Amino acid sequence: MTADATKYLSHLELGERDETFLDSNELIINMGPQHPATHGVLRVILKLDGEKVLGTECVIGYLHRGVEKIAEHRTYTMFNPYVDRMDYVAAVSNGLGYCEAVEKLLNVQAPPRANYVRVILTELNRIASHQLWLGTHALDIGAMTPLFYTFRDREEILKIFEKYCGARLTTHAFRIGGCLYETYDGFERDVKKFVDFVTPKIDEYEELLTTNRIWVERTKGVGYISAKDCIALGVTGPVLRASGVKWDIRKAQPYANYSEFDFEIPTGQNGDTYDRYLVRLVEMRQSLRIISQAVERIPEGPIMAKVPKVIKPPVGEIYHSIEAPKGELGYFIVSDGSTQPYRIRVRPPSFVNLQALDLMVRGALVADVIAVIGTLDIVLGEVDR
Amino acid sequence: MVNKLRGQYGSGIEALTYLAQNYIVADSSLTFELLQVMRDEEEFDYCVDVTAVHYPKREKQFDLVWILYSFPRNERVRVKTMIAENETFPTVSNIWPTANWLEREVFDMFGIKFEGHPDMKRILLPDGWKGHPLRKDYGIIEQDKEWVQINLGIESGQ
């Protein structure tokens, strides 16, 4: 414990601790920023009484690159690849949100074919993101096998991305006005093959974990958050749905062409880590449902709308948000009528969701902190931007 | 809704729509009360984002923006107000707890202080850093050289 660490804790309203005969002193320990279970460079200062967590304080910003500042010095087109580097495990979702926001400002509609390709790639990316989450989350809690399973299957998605646009992670798949690339020969076949391949694999993950006694013990009742607290803290995505709120932007305020597909929003009742796990698994299955509908119905036609070479949106501002794998990802863009955005504000789901960590771990054990960081599914690239 | 609010506050607020998105521009003295009303009476229970925009040439340099969403009404609205440099604004973190970190980020990036905030300090940049990078007069490769030299032991971070 360093003297420096204590000063960060000044604001925590810590309850009275139990005075016992063998009263151990309160202990302040540092977790991270170099810690394998923080999924990046997150530093959490824990105030402990023995094993019990009395309060936490997150120290973030280690990965801050000033994305919003960079945006003001780039043109709309030039900024497009930067958004992939925020939530780098779901780069396609970031690109979709940004492109749609600028399209709205420009009053341009992506053609139907582009929308279908966008939906397929975004949903594939949602599955990839959830697979990565499941593998690492299970590894944190002590189950190593799921990691190998999920990474093996995620590889198939990355192969489709690579064949489509040449990149595996930071794909830069979409452009303002549609997609740059026409789908490659056999794209539909590959996607269908992937759906057939991964559907039984999700059952496999379930077999490994859902009734696994250690998994259930480590996740049931851990990191509880109520629906009321979720809304108050602005927590969105699977965390909100696991607390029982049936809210998904794909249904509430549909974007792209999500209104054309049949899918359900899974919800949980208990708002604990186990429910969040179940919700994400069902979400993967629902994504597969959307993909198989989209790939059947994908229309012919242009893949790019008519967009001026120099993108100069009229003066005005827009807020557009999408349902990223982690929650509501919003872009607030202010245009001054020039080729460069006057201001871009990114509303990152990870940043806002991380704020709930303190509430979720108070009174829990140190080991549960690891489980809760995992279940929040944060990506530090997006927290810090 | 707007008519009702108009009746309450008179000409201090103005409701506008751009690209099918509604926003309210309010006088800075009325905004806090307006936000409270939005939360309590108009059911805007989810504060999506708090952010700011810097216009250095204006007399009141900053636009403060709250993006609100209502679960019962499935509706979004933005509330905007203008404040001057060195002016503070009451915190909304007691209305929507989520504003806690969002306001800290606005302070970090723009230097706008929120009154009554439980923990008004920087969030992304280090505590001792000088300057607020999202202000328009802060250059893109500008940095707090002194901080970099003392804390990182290098000549320059660039």
# chains A, B, ... in the order shown; residues from 1 in each chain; ligands from 1
>>> interface_residues(of="chain A", to="chain B", cutoff="7 Å", atoms="only C-alpha atoms", output="mmCIF file with N, CA and C atoms, in the first residue's frame")
data_model
loop_
_atom_site.group_PDB
_atom_site.id
_atom_site.type_symbol
_atom_site.label_atom_id
_atom_site.label_comp_id
_atom_site.auth_asym_id
_atom_site.auth_seq_id
_atom_site.Cartn_x
_atom_site.Cartn_y
_atom_site.Cartn_z
ATOM 1 N N HIS A 11 -13.387 9.789 -1.492
ATOM 2 C CA HIS A 11 -14.817 9.995 -1.698
ATOM 3 C C HIS A 11 -15.655 8.787 -1.313
ATOM 4 N N ILE A 60 -8.504 4.886 -14.576
ATOM 5 C CA ILE A 60 -8.457 4.537 -15.993
ATOM 6 C C ILE A 60 -7.708 5.625 -16.758
ATOM 7 N N GLY A 61 -7.531 5.388 -18.018
ATOM 8 C CA GLY A 61 -6.885 6.402 -18.861
ATOM 9 C C GLY A 61 -5.514 5.972 -19.356
ATOM 10 N N HIS A 64 -5.448 6.037 -23.091
ATOM 11 C CA HIS A 64 -6.091 7.203 -23.710
ATOM 12 C C HIS A 64 -5.266 7.705 -24.898
ATOM 13 N N LYS A 69 -10.157 14.064 -30.074
ATOM 14 C CA LYS A 69 -9.332 15.175 -30.551
ATOM 15 C C LYS A 69 -8.853 14.882 -31.970
ATOM 16 N N ILE A 231 -30.463 1.285 -14.716
ATOM 17 C CA ILE A 231 -30.950 2.457 -15.438
ATOM 18 C C ILE A 231 -30.343 3.722 -14.846
ATOM 19 N N ALA A 232 -30.284 3.765 -13.516
ATOM 20 C CA ALA A 232 -29.718 4.950 -12.876
ATOM 21 C C ALA A 232 -28.264 5.142 -13.265
ATOM 22 N N LEU A 233 -27.531 4.039 -13.387
ATOM 23 C CA LEU A 233 -26.112 4.135 -13.729
ATOM 24 C C LEU A 233 -25.874 4.107 -15.236
ATOM 25 N N GLY A 234 -26.938 4.046 -16.006
ATOM 26 C CA GLY A 234 -26.778 4.084 -17.459
ATOM 27 C C GLY A 234 -26.202 2.821 -18.045
ATOM 28 N N ALA A 252 -35.872 -1.385 -30.121
ATOM 29 C CA ALA A 252 -36.501 -0.154 -29.626
ATOM 30 C C ALA A 252 -36.462 0.954 -30.669
ATOM 31 N N ARG A 343 -16.858 18.442 -33.939
ATOM 32 C CA ARG A 343 -16.685 17.693 -32.691
ATOM 33 C C ARG A 343 -17.319 16.329 -32.866
ATOM 34 N N ARG A 347 -19.995 7.878 -27.260
ATOM 35 C CA ARG A 347 -20.587 7.439 -26.009
ATOM 36 C C ARG A 347 -20.255 5.958 -25.865
ATOM 37 N N ASP A 384 -10.993 4.027 -22.440
ATOM 38 C CA ASP A 384 -10.059 5.151 -22.420
ATOM 39 C C ASP A 384 -10.068 5.979 -23.699
#
>>> residues_around(residues="range 377-380 of chain A", least_positions_apart="3", cutoff="8 Å", atoms="only C-alpha atoms", output="MDAnalysis selection string")
chainID A and resid 39:42 63 87:89 133 326 350:351 353:354 373:374 383:385
>>> residues_around(residues="Pro314 in chain A", least_positions_apart="4", cutoff="10 Å", atoms="only C-alpha atoms", output="compact mmCIF listing (two decimals) with N, CA and C atoms, in the first residue's frame")
# COMPACT_ATOMS: atom_id res chain seq x y z
N LEU A 105 -26.31 12.50 -41.14
CA LEU A 105 -25.97 13.92 -41.28
C LEU A 105 -26.01 14.34 -42.74
N LEU A 106 -25.54 13.46 -43.62
CA LEU A 106 -25.48 13.76 -45.05
C LEU A 106 -26.82 13.55 -45.73
N ASN A 107 -27.74 12.90 -45.02
CA ASN A 107 -29.02 12.51 -45.60
C ASN A 107 -28.84 11.53 -46.74
N VAL A 334 -20.99 16.95 -34.36
CA VAL A 334 -21.34 18.34 -34.65
C VAL A 334 -20.60 18.72 -35.93
N SER A 335 -21.36 19.17 -36.93
CA SER A 335 -20.74 19.56 -38.19
C SER A 335 -20.82 21.07 -38.32
N ASP A 336 -19.72 21.68 -38.80
CA ASP A 336 -19.76 23.13 -39.07
C ASP A 336 -19.78 23.38 -40.57
N GLY A 337 -20.11 22.35 -41.33
CA GLY A 337 -20.21 22.52 -42.77
C GLY A 337 -18.90 22.36 -43.51
N SER A 338 -17.83 22.03 -42.79
CA SER A 338 -16.55 21.84 -43.48
C SER A 338 -16.30 20.34 -43.67
N THR A 339 -15.12 20.00 -44.19
CA THR A 339 -14.82 18.60 -44.46
C THR A 339 -14.43 17.85 -43.19
>>> select_by_dssp(residues="range 129-158 of chain B", states="helix (DSSP H, G or I)", output="MDAnalysis selection string")
chainID B and resid 145:152
>>> residues_around(residues="range 179-192 of chain A", least_positions_apart="5", cutoff="7 Å", atoms="only C-alpha atoms", output="MDAnalysis selection string")
chainID A and resid 114 164 173:174 292 295 303:304
>>> atom_distance(atom1="CA of Thr375 in chain A", atom2="CA of Met86 in chain A")
19.2 Å
>>> select_by_dssp(residues="range 221-351 of chain A", states="strand (DSSP E or B)", output="MDAnalysis selection string")
chainID A and resid 304 316:324 327:335 343:347
>>> residues_around(residues="Leu30 in chain B", least_positions_apart="5", cutoff="10 Å", atoms="only C-alpha atoms", output="list in words")
Tyr9, Gly12, Ile13, Leu35 and Thr81 of chain B
>>> write_last_selection(atoms="N, CA and C atoms", output="PDB file, in the first residue's frame")
ATOM      1  N   TYR B   9     -41.687  27.952 -18.108  1.00  0.00           N
ATOM      2  CA  TYR B   9     -40.446  28.725 -18.150  1.00  0.00           C
ATOM      3  C   TYR B   9     -40.464  29.884 -19.134  1.00  0.00           C
ATOM      4  N   GLY B  12     -37.478  31.234 -22.003  1.00  0.00           N
ATOM      5  CA  GLY B  12     -36.131  30.762 -21.668  1.00  0.00           C
ATOM      6  C   GLY B  12     -35.768  29.465 -22.356  1.00  0.00           C
ATOM      7  N   ILE B  13     -36.734  28.730 -22.851  1.00  0.00           N
ATOM      8  CA  ILE B  13     -36.415  27.494 -23.548  1.00  0.00           C
ATOM      9  C   ILE B  13     -37.007  27.505 -24.948  1.00  0.00           C
ATOM     10  N   LEU B  35     -33.776  20.006 -16.217  1.00  0.00           N
ATOM     11  CA  LEU B  35     -33.316  18.615 -16.214  1.00  0.00           C
ATOM     12  C   LEU B  35     -34.018  17.824 -15.120  1.00  0.00           C
ATOM     13  N   THR B  81     -27.294  23.869 -23.384  1.00  0.00           N
ATOM     14  CA  THR B  81     -27.226  25.203 -22.801  1.00  0.00           C
ATOM     15  C   THR B  81     -25.847  25.773 -23.047  1.00  0.00           C
TER      16      THR B  81
END
>>> residues_around(residues="Asp127 in chain B", least_positions_apart="4", cutoff="12 Å", atoms="only C-alpha atoms", output="short mmCIF file (atom, residue, chain, number, x, y, z; two decimals) with C-alpha atoms, in the first residue's frame")
data_model
loop_
_atom_site.label_atom_id
_atom_site.label_comp_id
_atom_site.auth_asym_id
_atom_site.auth_seq_id
_atom_site.Cartn_x
_atom_site.Cartn_y
_atom_site.Cartn_z
CA ASP A 4 -0.54 7.80 -2.75
CA LYS A 7 -5.87 9.76 -1.42
CA TYR A 8 -7.92 8.33 -4.25
CA VAL A 59 -8.17 4.42 -12.23
CA ILE A 60 -8.46 4.54 -15.99
CA GLY A 61 -6.89 6.40 -18.86
CA ARG B 104 -15.56 14.11 -14.70
CA PHE B 107 -14.06 18.50 -16.62
CA ASP B 108 -10.97 16.62 -17.76
CA MET B 120 -14.49 16.48 -9.22
CA LYS B 121 -11.12 15.40 -10.57
CA ARG B 122 -9.59 14.23 -13.81
CA ILE B 123 -10.54 10.81 -15.08
CA GLY B 131 -4.54 21.97 -19.85
CA HIS B 132 -7.79 20.63 -21.21
CA ASP B 144 2.16 18.97 -20.69
CA TRP B 147 4.58 16.49 -16.50
CA ASN B 151 6.91 11.55 -14.49
#
>>> residues_around(residues="Ala305 in chain A", least_positions_apart="3", cutoff="6 Å", atoms="only C-alpha atoms", output="PyMOL selection string")
chain A and resi 110-111+177
>>> write_last_selection(atoms="C-alpha atoms", output="PDB file, in the first residue's frame")
ATOM      1  CA  ALA A 110     -27.123   2.949 -47.686  1.00  0.00           C
ATOM      2  CA  PRO A 111     -28.532   0.665 -50.432  1.00  0.00           C
ATOM      3  CA  GLY A 177     -22.684   5.346 -47.819  1.00  0.00           C
TER       4      GLY A 177
END
>>> atom_distance(atom1="CA of Gly135 in chain A", atom2="CA of Phe148 in chain A")
7.3 Å
